[in-house]
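Below is the file query_2.txt, which contains compact mmCIF, N, CA and C atoms.
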# COMPACT_ATOMS: atom_id res chain seq x y z
N MET V 7 78.71 96.54 94.86
CA MET V 7 79.66 95.69 94.16
C MET V 7 79.41 94.22 94.49
N ARG V 8 78.94 93.92 95.66
CA ARG V 8 78.83 92.54 96.12
C ARG V 8 78.05 91.66 95.16
N GLY V 9 76.97 92.14 94.55
CA GLY V 9 76.16 91.32 93.68
C GLY V 9 76.83 90.94 92.37
N LEU V 10 77.87 91.64 91.97
CA LEU V 10 78.55 91.38 90.71
C LEU V 10 79.69 90.37 90.84
N LEU V 11 80.22 90.19 92.04
CA LEU V 11 81.43 89.41 92.21
C LEU V 11 81.15 87.94 92.51
N SER V 12 82.08 87.09 92.08
CA SER V 12 82.11 85.69 92.48
C SER V 12 83.10 85.58 93.63
N TYR V 13 82.95 84.53 94.45
CA TYR V 13 83.82 84.35 95.60
C TYR V 13 84.36 82.93 95.62
N LYS V 14 85.61 82.80 96.03
CA LYS V 14 86.26 81.50 96.20
C LYS V 14 86.91 81.48 97.57
N ASN V 15 86.65 80.44 98.36
CA ASN V 15 87.25 80.26 99.67
C ASN V 15 88.45 79.34 99.57
N LEU V 16 89.42 79.54 100.46
CA LEU V 16 90.61 78.71 100.51
C LEU V 16 90.93 78.38 101.95
N SER V 17 90.74 77.14 102.35
CA SER V 17 91.01 76.70 103.72
C SER V 17 92.51 76.59 103.96
N GLY V 18 92.91 76.86 105.19
CA GLY V 18 94.30 76.69 105.57
C GLY V 18 95.25 77.63 104.87
N SER V 19 94.78 78.82 104.54
CA SER V 19 95.58 79.71 103.71
C SER V 19 96.38 80.73 104.50
N VAL V 20 96.29 80.73 105.82
CA VAL V 20 97.06 81.66 106.64
C VAL V 20 98.44 81.07 106.86
N LYS V 21 99.48 81.84 106.53
CA LYS V 21 100.85 81.37 106.76
C LYS V 21 101.38 81.90 108.08
N ASP V 22 101.20 83.20 108.32
CA ASP V 22 101.77 83.81 109.52
C ASP V 22 100.92 85.00 109.95
N VAL V 23 100.85 85.18 111.26
CA VAL V 23 100.17 86.32 111.86
C VAL V 23 101.15 86.98 112.81
N ASP V 24 101.41 88.26 112.60
CA ASP V 24 102.28 89.04 113.47
C ASP V 24 101.40 90.05 114.20
N THR V 25 101.02 89.70 115.45
CA THR V 25 100.10 90.58 116.18
C THR V 25 100.76 91.90 116.58
N LYS V 26 102.06 91.88 116.85
CA LYS V 26 102.74 93.15 117.19
C LYS V 26 102.82 94.06 115.97
N GLY V 27 103.19 93.50 114.82
CA GLY V 27 103.27 94.28 113.59
C GLY V 27 101.93 94.44 112.90
N ARG V 28 100.91 93.69 113.39
CA ARG V 28 99.54 93.75 112.90
C ARG V 28 99.44 93.38 111.42
N THR V 29 100.20 92.34 111.03
CA THR V 29 100.17 91.90 109.64
C THR V 29 99.81 90.42 109.55
N VAL V 30 99.31 90.04 108.38
CA VAL V 30 98.92 88.67 108.09
C VAL V 30 99.53 88.31 106.75
N THR V 31 100.00 87.08 106.60
CA THR V 31 100.51 86.60 105.32
C THR V 31 99.86 85.26 105.00
N GLY V 32 99.78 84.96 103.72
CA GLY V 32 99.22 83.68 103.31
C GLY V 32 98.85 83.68 101.85
N TYR V 33 97.87 82.87 101.51
CA TYR V 33 97.40 82.74 100.14
C TYR V 33 95.92 83.07 100.07
N LEU V 34 95.58 83.90 99.09
CA LEU V 34 94.17 84.21 98.84
C LEU V 34 93.56 83.17 97.91
N SER V 35 94.38 82.54 97.09
CA SER V 35 93.91 81.54 96.13
C SER V 35 95.08 80.61 95.82
N LYS V 36 94.76 79.36 95.51
CA LYS V 36 95.80 78.41 95.09
C LYS V 36 95.49 77.91 93.70
N PHE V 37 96.54 77.54 92.99
CA PHE V 37 96.42 77.10 91.61
C PHE V 37 96.28 75.58 91.51
N GLY V 38 95.55 75.15 90.48
CA GLY V 38 95.55 73.75 90.09
C GLY V 38 94.65 72.81 90.84
N ASN V 39 93.90 73.27 91.83
CA ASN V 39 93.02 72.36 92.54
C ASN V 39 91.55 72.62 92.16
N VAL V 40 90.79 71.54 92.07
CA VAL V 40 89.37 71.66 91.76
C VAL V 40 88.64 72.05 93.05
N ASP V 41 87.90 73.18 93.01
CA ASP V 41 87.19 73.62 94.21
C ASP V 41 85.78 73.03 94.25
N ASN V 42 85.00 73.43 95.24
CA ASN V 42 83.67 72.85 95.40
C ASN V 42 82.66 73.33 94.35
N HIS V 43 83.07 74.24 93.47
CA HIS V 43 82.23 74.66 92.35
C HIS V 43 82.73 74.06 91.03
N ASN V 44 83.66 73.10 91.12
CA ASN V 44 84.30 72.46 89.95
C ASN V 44 85.07 73.46 89.10
N ASP V 45 85.69 74.42 89.75
CA ASP V 45 86.55 75.39 89.08
C ASP V 45 87.99 75.13 89.46
N ILE V 46 88.89 75.43 88.53
CA ILE V 46 90.33 75.38 88.78
C ILE V 46 90.90 76.74 88.42
N MET V 47 91.51 77.39 89.40
CA MET V 47 92.18 78.66 89.14
C MET V 47 93.56 78.34 88.56
N GLN V 48 93.85 78.88 87.40
CA GLN V 48 95.11 78.61 86.72
C GLN V 48 96.15 79.69 87.01
N LYS V 49 97.41 79.27 87.05
CA LYS V 49 98.51 80.24 87.20
C LYS V 49 98.42 81.23 86.05
N GLY V 50 98.56 82.50 86.37
CA GLY V 50 98.45 83.57 85.37
C GLY V 50 97.09 84.25 85.38
N ALA V 51 96.11 83.66 86.10
CA ALA V 51 94.76 84.22 86.11
C ALA V 51 94.71 85.62 86.72
N PHE V 52 95.64 85.95 87.60
CA PHE V 52 95.63 87.24 88.28
C PHE V 52 96.58 88.27 87.65
N LYS V 53 97.36 87.84 86.68
CA LYS V 53 98.43 88.67 86.13
C LYS V 53 97.95 90.05 85.68
N GLN V 54 96.90 90.09 84.88
CA GLN V 54 96.44 91.38 84.36
C GLN V 54 95.91 92.28 85.48
N SER V 55 95.16 91.70 86.41
CA SER V 55 94.66 92.50 87.54
C SER V 55 95.81 93.07 88.36
N LEU V 56 96.82 92.24 88.60
CA LEU V 56 97.96 92.72 89.39
C LEU V 56 98.71 93.83 88.65
N ASN V 57 98.78 93.75 87.33
CA ASN V 57 99.45 94.80 86.55
C ASN V 57 98.62 96.07 86.46
N GLU V 58 97.32 95.93 86.32
CA GLU V 58 96.47 97.10 86.03
C GLU V 58 95.73 97.64 87.25
N ARG V 59 95.47 96.82 88.26
CA ARG V 59 94.57 97.23 89.34
C ARG V 59 95.19 97.17 90.73
N ARG V 60 96.47 96.96 90.82
CA ARG V 60 97.11 96.70 92.12
C ARG V 60 96.66 97.68 93.21
N ASP V 61 96.56 98.95 92.89
CA ASP V 61 96.18 99.96 93.89
C ASP V 61 94.69 99.94 94.22
N ASN V 62 93.91 99.17 93.50
CA ASN V 62 92.47 99.11 93.72
C ASN V 62 92.01 97.72 94.17
N ILE V 63 92.92 96.93 94.72
CA ILE V 63 92.59 95.62 95.27
C ILE V 63 92.73 95.74 96.79
N PHE V 64 91.65 95.44 97.50
CA PHE V 64 91.58 95.73 98.93
C PHE V 64 91.57 94.47 99.79
N PHE V 65 92.10 94.61 101.00
CA PHE V 65 92.04 93.58 102.03
C PHE V 65 90.81 93.92 102.87
N LEU V 66 89.74 93.15 102.72
CA LEU V 66 88.46 93.47 103.35
C LEU V 66 88.12 92.49 104.46
N ASN V 67 87.28 92.96 105.35
CA ASN V 67 86.72 92.12 106.40
C ASN V 67 85.48 91.44 105.85
N GLN V 68 85.56 90.12 105.63
CA GLN V 68 84.42 89.31 105.18
C GLN V 68 83.77 89.87 103.91
N HIS V 69 84.57 90.30 102.94
CA HIS V 69 84.10 90.81 101.64
C HIS V 69 83.28 92.09 101.76
N ASN V 70 83.40 92.80 102.87
CA ASN V 70 82.60 93.99 103.11
C ASN V 70 83.40 95.24 102.76
N PHE V 71 83.01 95.89 101.67
CA PHE V 71 83.73 97.10 101.24
C PHE V 71 83.61 98.24 102.25
N ASP V 72 82.65 98.15 103.16
CA ASP V 72 82.51 99.16 104.22
C ASP V 72 83.44 98.88 105.39
N GLN V 73 84.16 97.74 105.35
CA GLN V 73 85.07 97.38 106.44
C GLN V 73 86.43 96.96 105.89
N PRO V 74 87.17 97.91 105.33
CA PRO V 74 88.49 97.56 104.82
C PRO V 74 89.51 97.42 105.96
N HIS V 75 90.34 96.38 105.86
CA HIS V 75 91.49 96.27 106.76
C HIS V 75 92.63 97.11 106.20
N GLY V 76 92.60 97.36 104.91
CA GLY V 76 93.66 98.12 104.24
C GLY V 76 93.91 97.53 102.87
N LYS V 77 95.17 97.55 102.49
CA LYS V 77 95.59 97.00 101.20
C LYS V 77 96.68 95.96 101.47
N PHE V 78 97.31 95.52 100.41
CA PHE V 78 98.35 94.50 100.52
C PHE V 78 99.70 95.14 100.26
N SER V 79 100.69 94.86 101.12
CA SER V 79 102.04 95.33 100.86
C SER V 79 102.70 94.46 99.80
N VAL V 80 102.30 93.17 99.76
CA VAL V 80 102.76 92.23 98.73
C VAL V 80 101.53 91.49 98.22
N LEU V 81 101.39 91.42 96.93
CA LEU V 81 100.33 90.65 96.29
C LEU V 81 100.91 90.16 94.97
N LYS V 82 101.17 88.83 94.89
CA LYS V 82 101.86 88.31 93.71
C LYS V 82 101.49 86.85 93.49
N GLU V 83 101.61 86.43 92.26
CA GLU V 83 101.47 85.02 91.92
C GLU V 83 102.83 84.36 92.11
N ASP V 84 102.83 83.19 92.75
CA ASP V 84 104.02 82.35 92.76
C ASP V 84 103.59 80.98 92.24
N ASN V 85 104.40 79.97 92.37
CA ASN V 85 104.04 78.65 91.83
C ASN V 85 102.87 78.00 92.55
N GLU V 86 102.59 78.43 93.78
CA GLU V 86 101.53 77.82 94.58
C GLU V 86 100.18 78.50 94.38
N GLY V 87 100.20 79.84 94.28
CA GLY V 87 98.94 80.57 94.18
C GLY V 87 99.13 82.06 94.27
N LEU V 88 98.10 82.74 94.74
CA LEU V 88 98.13 84.20 94.91
C LEU V 88 98.54 84.49 96.34
N TYR V 89 99.82 84.84 96.51
CA TYR V 89 100.41 85.08 97.82
C TYR V 89 100.19 86.53 98.22
N PHE V 90 99.95 86.76 99.52
CA PHE V 90 99.79 88.13 100.00
C PHE V 90 100.49 88.35 101.32
N GLU V 91 100.84 89.59 101.54
CA GLU V 91 101.24 90.11 102.85
C GLU V 91 100.43 91.38 103.03
N SER V 92 99.76 91.50 104.17
CA SER V 92 98.93 92.67 104.39
C SER V 92 99.77 93.85 104.84
N GLU V 93 99.26 95.04 104.60
CA GLU V 93 99.78 96.22 105.28
C GLU V 93 99.35 96.08 106.74
N PRO V 94 99.97 96.79 107.67
CA PRO V 94 99.51 96.70 109.06
C PRO V 94 98.03 97.08 109.19
N LEU V 95 97.26 96.21 109.85
CA LEU V 95 95.86 96.51 110.11
C LEU V 95 95.80 97.68 111.07
N ILE V 96 94.91 98.60 110.82
CA ILE V 96 94.86 99.85 111.59
C ILE V 96 94.43 99.56 113.02
N LYS V 97 95.26 100.02 113.96
CA LYS V 97 94.98 99.81 115.37
C LYS V 97 93.79 100.66 115.79
N GLY V 98 92.92 100.09 116.60
CA GLY V 98 91.77 100.81 117.11
C GLY V 98 90.53 100.68 116.24
N VAL V 99 90.66 100.04 115.08
CA VAL V 99 89.49 99.74 114.25
C VAL V 99 88.96 98.41 114.76
N SER V 100 87.75 98.43 115.31
CA SER V 100 87.25 97.27 116.05
C SER V 100 87.25 95.98 115.25
N TYR V 101 86.79 96.00 114.00
CA TYR V 101 86.74 94.75 113.23
C TYR V 101 88.14 94.26 112.87
N SER V 102 89.10 95.15 112.70
CA SER V 102 90.48 94.73 112.45
C SER V 102 91.12 94.17 113.73
N ASP V 103 90.84 94.82 114.86
CA ASP V 103 91.33 94.30 116.14
C ASP V 103 90.77 92.90 116.40
N ASP V 104 89.47 92.74 116.13
CA ASP V 104 88.83 91.44 116.31
C ASP V 104 89.41 90.39 115.36
N ALA V 105 89.64 90.78 114.12
CA ALA V 105 90.21 89.85 113.14
C ALA V 105 91.58 89.35 113.59
N LEU V 106 92.42 90.25 114.08
CA LEU V 106 93.74 89.83 114.57
C LEU V 106 93.62 88.82 115.71
N LYS V 107 92.68 89.05 116.61
CA LYS V 107 92.48 88.11 117.71
C LYS V 107 92.03 86.75 117.18
N LEU V 108 91.14 86.75 116.19
CA LEU V 108 90.66 85.50 115.61
C LEU V 108 91.76 84.77 114.84
N TYR V 109 92.61 85.53 114.13
CA TYR V 109 93.78 84.92 113.47
C TYR V 109 94.69 84.28 114.50
N GLU V 110 95.01 85.04 115.55
CA GLU V 110 95.94 84.56 116.57
C GLU V 110 95.41 83.29 117.25
N ALA V 111 94.11 83.20 117.47
CA ALA V 111 93.51 82.04 118.12
C ALA V 111 93.36 80.86 117.16
N GLY V 112 93.63 81.08 115.89
CA GLY V 112 93.51 80.02 114.90
C GLY V 112 92.09 79.78 114.43
N ILE V 113 91.18 80.64 114.83
CA ILE V 113 89.78 80.51 114.44
C ILE V 113 89.59 80.98 113.00
N MET V 114 90.23 82.08 112.66
CA MET V 114 90.20 82.54 111.28
C MET V 114 91.41 81.92 110.59
N SER V 115 91.14 80.95 109.69
CA SER V 115 92.24 80.19 109.10
C SER V 115 92.11 80.06 107.58
N GLU V 116 91.21 80.81 106.99
CA GLU V 116 91.07 80.75 105.54
C GLU V 116 90.84 82.15 104.97
N HIS V 117 91.08 82.23 103.69
CA HIS V 117 90.86 83.48 102.97
C HIS V 117 90.03 83.19 101.74
N SER V 118 89.59 84.24 101.11
CA SER V 118 88.83 84.10 99.88
C SER V 118 89.01 85.36 99.06
N ILE V 119 88.57 85.29 97.83
CA ILE V 119 88.71 86.41 96.91
C ILE V 119 87.36 86.78 96.34
N GLY V 120 87.23 88.05 95.96
CA GLY V 120 86.07 88.55 95.23
C GLY V 120 86.55 88.99 93.86
N PHE V 121 85.95 88.45 92.81
CA PHE V 121 86.47 88.66 91.46
C PHE V 121 85.35 88.52 90.43
N ILE V 122 85.66 88.91 89.22
CA ILE V 122 84.82 88.66 88.05
C ILE V 122 85.65 87.79 87.11
N THR V 123 85.07 86.69 86.63
CA THR V 123 85.76 85.83 85.66
C THR V 123 85.78 86.54 84.32
N MET V 124 86.98 86.67 83.75
CA MET V 124 87.14 87.30 82.44
C MET V 124 87.31 86.25 81.35
N GLN V 125 88.08 85.19 81.64
CA GLN V 125 88.30 84.13 80.66
C GLN V 125 88.33 82.78 81.37
N ALA V 126 87.64 81.81 80.77
CA ALA V 126 87.63 80.45 81.29
C ALA V 126 87.27 79.51 80.16
N ASP V 127 87.70 78.26 80.29
CA ASP V 127 87.27 77.25 79.33
C ASP V 127 86.82 76.01 80.11
N GLU V 128 86.07 75.17 79.45
CA GLU V 128 85.50 73.99 80.10
C GLU V 128 86.17 72.73 79.59
N GLN V 129 86.23 71.73 80.47
CA GLN V 129 86.73 70.41 80.10
C GLN V 129 86.00 69.39 80.95
N LYS V 130 86.11 68.15 80.59
CA LYS V 130 85.52 67.05 81.37
C LYS V 130 86.60 66.45 82.27
N SER V 131 86.23 66.16 83.50
CA SER V 131 87.15 65.48 84.41
C SER V 131 87.14 64.00 84.09
N GLU V 132 88.01 63.24 84.76
CA GLU V 132 88.08 61.80 84.55
C GLU V 132 86.76 61.10 84.88
N ASN V 133 86.00 61.67 85.81
CA ASN V 133 84.72 61.07 86.18
C ASN V 133 83.54 61.70 85.43
N GLY V 134 83.83 62.49 84.40
CA GLY V 134 82.79 63.03 83.53
C GLY V 134 82.17 64.35 83.96
N GLN V 135 82.67 64.93 85.06
CA GLN V 135 82.13 66.22 85.50
C GLN V 135 82.70 67.36 84.67
N ASP V 136 81.88 68.41 84.48
CA ASP V 136 82.36 69.61 83.81
C ASP V 136 83.25 70.39 84.77
N ILE V 137 84.44 70.72 84.32
CA ILE V 137 85.41 71.50 85.09
C ILE V 137 85.66 72.80 84.33
N ARG V 138 85.65 73.90 85.07
CA ARG V 138 85.93 75.19 84.45
C ARG V 138 87.34 75.62 84.83
N ASN V 139 88.20 75.80 83.83
CA ASN V 139 89.55 76.32 84.03
C ASN V 139 89.49 77.84 83.92
N ILE V 140 89.72 78.51 85.04
CA ILE V 140 89.69 79.98 85.04
C ILE V 140 91.09 80.48 84.72
N THR V 141 91.20 81.19 83.60
CA THR V 141 92.51 81.64 83.13
C THR V 141 92.73 83.16 83.30
N GLU V 142 91.66 83.90 83.54
CA GLU V 142 91.82 85.34 83.81
C GLU V 142 90.65 85.84 84.64
N VAL V 143 90.97 86.59 85.68
CA VAL V 143 89.95 87.21 86.51
C VAL V 143 90.27 88.69 86.68
N LYS V 144 89.25 89.44 87.02
CA LYS V 144 89.42 90.82 87.45
C LYS V 144 89.24 90.79 88.97
N LEU V 145 90.34 90.94 89.69
CA LEU V 145 90.36 90.80 91.14
C LEU V 145 90.02 92.14 91.79
N TYR V 146 89.09 92.10 92.73
CA TYR V 146 88.68 93.31 93.46
C TYR V 146 89.15 93.29 94.91
N GLU V 147 89.13 92.12 95.54
CA GLU V 147 89.43 92.09 96.96
C GLU V 147 89.75 90.68 97.44
N GLY V 148 90.31 90.64 98.63
CA GLY V 148 90.58 89.39 99.31
C GLY V 148 90.31 89.55 100.79

What's the structure tokens form of this structure?
Amino acid sequence: MRGLLSYKNLSGSVKDVDTKGRTVTGYLSKFGNVDNHNDIMQKGAFKQSLNERRDNIFFLNQHNFDQPHGKFSVLKEDNEGLYFESEPLIKGVSYSDDALKLYEAGIMSEHSIGFITMQADEQKSENGQDIRNITEVKLYEG
């Protein structure tokens, strides 16, 4: 699957880490900002995936389908972006245990998504750069 997906990183997207409950909350994507690929994720881009694929969207370790942390107990669009709350990361799974330690230390502080662009349109920015407005994606993981 890795070769088919596009990826977007989001710095500072961790809101809370509960090491006792083994959960993480934050944003996988934010709306309205131009990223380093000159793309803007638009509100509503995840709507169809959330309606049709919710049970098939995974919380992965570094986009690795062989290392799932689990799924999301909450995954929804709000006015800011794609908000998530993880299910409890499985205790005793080494990469999940390590991830929790990295979250707690503040070393792991960003998230990203793996998706396929379904709909987008292009426009020119004020400085003449091509900007792609992504209006629909097929979301696979975060």

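Summary of the local environment: counting only N, CA and C atoms, residues at most 5 Å from Arg138 of chain V, other than itself and those fewer than 3 positions away along its chain, are Asn44, Asp45, Ile46, Asp127 and Glu128 of chain V.
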
DSSP alpha helix (DSSP H) residues within chain V, listed as a ChimeraX atom specification: /V:53-59,100-110

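Atom CA of Asp61 of chain V lies 23.5 Å from atom N of Met47 of chain V.
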
In segment 32-80 of chain V, what's strand (DSSP E) per DSSP? Answer as an mmCIF file with N, CA and C atoms, in the coordinates of the input?
data_model
loop_
_atom_site.group_PDB
_atom_site.id
_atom_site.type_symbol
_atom_site.label_atom_id
_atom_site.label_comp_id
_atom_site.auth_asym_id
_atom_site.auth_seq_id
_atom_site.Cartn_x
_atom_site.Cartn_y
_atom_site.Cartn_z
ATOM 1 N N GLY V 32 99.780 84.960 103.720
ATOM 2 C CA GLY V 32 99.220 83.680 103.310
ATOM 3 C C GLY V 32 98.850 83.680 101.850
ATOM 4 N N TYR V 33 97.870 82.870 101.510
ATOM 5 C CA TYR V 33 97.400 82.740 100.140
ATOM 6 C C TYR V 33 95.920 83.070 100.070
ATOM 7 N N LEU V 34 95.580 83.900 99.090
ATOM 8 C CA LEU V 34 94.170 84.210 98.840
ATOM 9 C C LEU V 34 93.560 83.170 97.910
ATOM 10 N N SER V 35 94.380 82.540 97.090
ATOM 11 C CA SER V 35 93.910 81.540 96.130
ATOM 12 C C SER V 35 95.080 80.610 95.820
ATOM 13 N N LYS V 36 94.760 79.360 95.510
ATOM 14 C CA LYS V 36 95.800 78.410 95.090
ATOM 15 C C LYS V 36 95.490 77.910 93.700
ATOM 16 N N ASP V 45 85.690 74.420 89.750
ATOM 17 C CA ASP V 45 86.550 75.390 89.080
ATOM 18 C C ASP V 45 87.990 75.130 89.460
ATOM 19 N N ILE V 46 88.890 75.430 88.530
ATOM 20 C CA ILE V 46 90.330 75.380 88.780
ATOM 21 C C ILE V 46 90.900 76.740 88.420
ATOM 22 N N MET V 47 91.510 77.390 89.400
ATOM 23 C CA MET V 47 92.180 78.660 89.140
ATOM 24 C C MET V 47 93.560 78.340 88.560
ATOM 25 N N PHE V 65 92.100 94.610 101.000
ATOM 26 C CA PHE V 65 92.040 93.580 102.030
ATOM 27 C C PHE V 65 90.810 93.920 102.870
ATOM 28 N N LEU V 66 89.740 93.150 102.720
ATOM 29 C CA LEU V 66 88.460 93.470 103.350
ATOM 30 C C LEU V 66 88.120 92.490 104.460
ATOM 31 N N ASN V 67 87.280 92.960 105.350
ATOM 32 C CA ASN V 67 86.720 92.120 106.400
ATOM 33 C C ASN V 67 85.480 91.440 105.850
ATOM 34 N N ASN V 70 83.400 92.800 102.870
ATOM 35 C CA ASN V 70 82.600 93.990 103.110
ATOM 36 C C ASN V 70 83.400 95.240 102.760
ATOM 37 N N PHE V 71 83.010 95.890 101.670
ATOM 38 C CA PHE V 71 83.730 97.100 101.240
ATOM 39 C C PHE V 71 83.610 98.240 102.250
ATOM 40 N N ASP V 72 82.650 98.150 103.160
ATOM 41 C CA ASP V 72 82.510 99.160 104.220
ATOM 42 C C ASP V 72 83.440 98.880 105.390
ATOM 43 N N GLN V 73 84.160 97.740 105.350
ATOM 44 C CA GLN V 73 85.070 97.380 106.440
ATOM 45 C C GLN V 73 86.430 96.960 105.890
ATOM 46 N N PRO V 74 87.170 97.910 105.330
ATOM 47 C CA PRO V 74 88.490 97.560 104.820
ATOM 48 C C PRO V 74 89.510 97.420 105.960
ATOM 49 N N HIS V 75 90.340 96.380 105.860
ATOM 50 C CA HIS V 75 91.490 96.270 106.760
ATOM 51 C C HIS V 75 92.630 97.110 106.200
ATOM 52 N N GLY V 76 92.600 97.360 104.910
ATOM 53 C CA GLY V 76 93.660 98.120 104.240
ATOM 54 C C GLY V 76 93.910 97.530 102.870
ATOM 55 N N PHE V 78 97.310 95.520 100.410
ATOM 56 C CA PHE V 78 98.350 94.500 100.520
ATOM 57 C C PHE V 78 99.700 95.140 100.260
ATOM 58 N N SER V 79 100.690 94.860 101.120
ATOM 59 C CA SER V 79 102.040 95.330 100.860
ATOM 60 C C SER V 79 102.700 94.460 99.800
ATOM 61 N N VAL V 80 102.300 93.170 99.760
ATOM 62 C CA VAL V 80 102.760 92.230 98.730
ATOM 63 C C VAL V 80 101.530 91.490 98.220
#

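Proximity to Ile63 of chain V was assessed for V:Gly76, V:Ala51, V:Thr141, V:Leu16 counting only N, CA and C atoms; the smallest distance is recorded for V:Gly76.
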
Excluding segment 102-114 of chain V and residues on its chain fewer than 2 positions from it, collect all residues at most 10 Å away from it, counting only C-alpha atoms, and give them as a CSV table (one decimal) with N, CA and C atoms, in the frame of the given file.
chain,number,residue,atom,x,y,z
V,17,SER,N,90.7,77.1,102.4
V,17,SER,CA,91.0,76.7,103.7
V,17,SER,C,92.5,76.6,104.0
V,18,GLY,N,92.9,76.9,105.2
V,18,GLY,CA,94.3,76.7,105.6
V,18,GLY,C,95.2,77.6,104.9
V,19,SER,N,94.8,78.8,104.5
V,19,SER,CA,95.6,79.7,103.7
V,19,SER,C,96.4,80.7,104.5
V,20,VAL,N,96.3,80.7,105.8
V,20,VAL,CA,97.1,81.7,106.6
V,20,VAL,C,98.4,81.1,106.9
V,22,ASP,N,101.2,83.2,108.3
V,22,ASP,CA,101.8,83.8,109.5
V,22,ASP,C,100.9,85.0,110.0
V,23,VAL,N,100.8,85.2,111.3
V,23,VAL,CA,100.2,86.3,111.9
V,23,VAL,C,101.2,87.0,112.8
V,24,ASP,N,101.4,88.3,112.6
V,24,ASP,CA,102.3,89.0,113.5
V,24,ASP,C,101.4,90.0,114.2
V,25,THR,N,101.0,89.7,115.4
V,25,THR,CA,100.1,90.6,116.2
V,25,THR,C,100.8,91.9,116.6
V,26,LYS,N,102.1,91.9,116.8
V,26,LYS,CA,102.7,93.2,117.2
V,26,LYS,C,102.8,94.1,116.0
V,28,ARG,N,100.9,93.7,113.4
V,28,ARG,CA,99.5,93.8,112.9
V,28,ARG,C,99.4,93.4,111.4
V,29,THR,N,100.2,92.3,111.0
V,29,THR,CA,100.2,91.9,109.6
V,29,THR,C,99.8,90.4,109.6
V,30,VAL,N,99.3,90.0,108.4
V,30,VAL,CA,98.9,88.7,108.1
V,30,VAL,C,99.5,88.3,106.8
V,66,LEU,N,89.7,93.2,102.7
V,66,LEU,CA,88.5,93.5,103.4
V,66,LEU,C,88.1,92.5,104.5
V,67,ASN,N,87.3,93.0,105.4
V,67,ASN,CA,86.7,92.1,106.4
V,67,ASN,C,85.5,91.4,105.8
V,68,GLN,N,85.6,90.1,105.6
V,68,GLN,CA,84.4,89.3,105.2
V,68,GLN,C,83.8,89.9,103.9
V,73,GLN,N,84.2,97.7,105.4
V,73,GLN,CA,85.1,97.4,106.4
V,73,GLN,C,86.4,97.0,105.9
V,74,PRO,N,87.2,97.9,105.3
V,74,PRO,CA,88.5,97.6,104.8
V,74,PRO,C,89.5,97.4,106.0
V,75,HIS,N,90.3,96.4,105.9
V,75,HIS,CA,91.5,96.3,106.8
V,75,HIS,C,92.6,97.1,106.2
V,76,GLY,N,92.6,97.4,104.9
V,76,GLY,CA,93.7,98.1,104.2
V,76,GLY,C,93.9,97.5,102.9
V,94,PRO,N,100.0,96.8,107.7
V,94,PRO,CA,99.5,96.7,109.1
V,94,PRO,C,98.0,97.1,109.2
V,95,LEU,N,97.3,96.2,109.8
V,95,LEU,CA,95.9,96.5,110.1
V,95,LEU,C,95.8,97.7,111.1
V,96,ILE,N,94.9,98.6,110.8
V,96,ILE,CA,94.9,99.8,111.6
V,96,ILE,C,94.4,99.6,113.0
V,97,LYS,N,95.3,100.0,114.0
V,97,LYS,CA,95.0,99.8,115.4
V,97,LYS,C,93.8,100.7,115.8
V,98,GLY,N,92.9,100.1,116.6
V,98,GLY,CA,91.8,100.8,117.1
V,98,GLY,C,90.5,100.7,116.2
V,99,VAL,N,90.7,100.0,115.1
V,99,VAL,CA,89.5,99.7,114.2
V,99,VAL,C,89.0,98.4,114.8
V,100,SER,N,87.8,98.4,115.3
V,100,SER,CA,87.2,97.3,116.0
V,100,SER,C,87.2,96.0,115.2
V,116,GLU,N,91.2,80.8,107.0
V,116,GLU,CA,91.1,80.8,105.5
V,116,GLU,C,90.8,82.2,105.0
V,117,HIS,N,91.1,82.2,103.7
V,117,HIS,CA,90.9,83.5,103.0
V,117,HIS,C,90.0,83.2,101.7

I'd like the interatomic distance between atom CA of Asp136 of chain V and atom N of Leu11 of chain V, to a tenth of an Å. 22.3 Å

Please return as a ChimeraX atom specification every residue within 7 Å of (88.8, 78.7, 95.1), taking into account only N, CA and C atoms and the file's own coordinates. /V:13-16,35-36,40-42,45,47

Atomic separation - atom CA of Phe52 of chain V relative to atom CA of Gln129 of chain V, Å: 20.7 Å

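You can rank V:Leu56, V:Ile137, V:Val143, V:Met124 by their closest distance to Glu83 of chain V using all atoms listed in the file, and at the top of that list sits V:Leu56.
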
Find the residues around Leu10 of chain V up to 8 Å (all atoms listed in the file counted), leave out those fewer than 5 positions away in its own chain, and share them as a VMD selection string. chain V and resid 120 to 123

Measuring between only C-alpha atoms, which one of V:Asn39, V:Asn62, V:Ser118, V:Ser92 shows the shortest distance to Gly148 of chain V? V:Ser118

Please give the centre and size of the box around segment 138-145 of chain V (axis-aligned, containing every atom listed in the file, 5 Å added per side), with values in Å to one decimal and written as AutoDock Vina command-line options.
--center_x 89.2 --center_y 83.0 --center_z 87.5 --size_x 17.1 --size_y 28.2 --size_z 18.7

Using only N, CA and C atoms: which of V:Gln54, V:Gly38, V:Tyr101, V:Glu132 has the shortest distance to Lys144 of chain V: V:Gln54
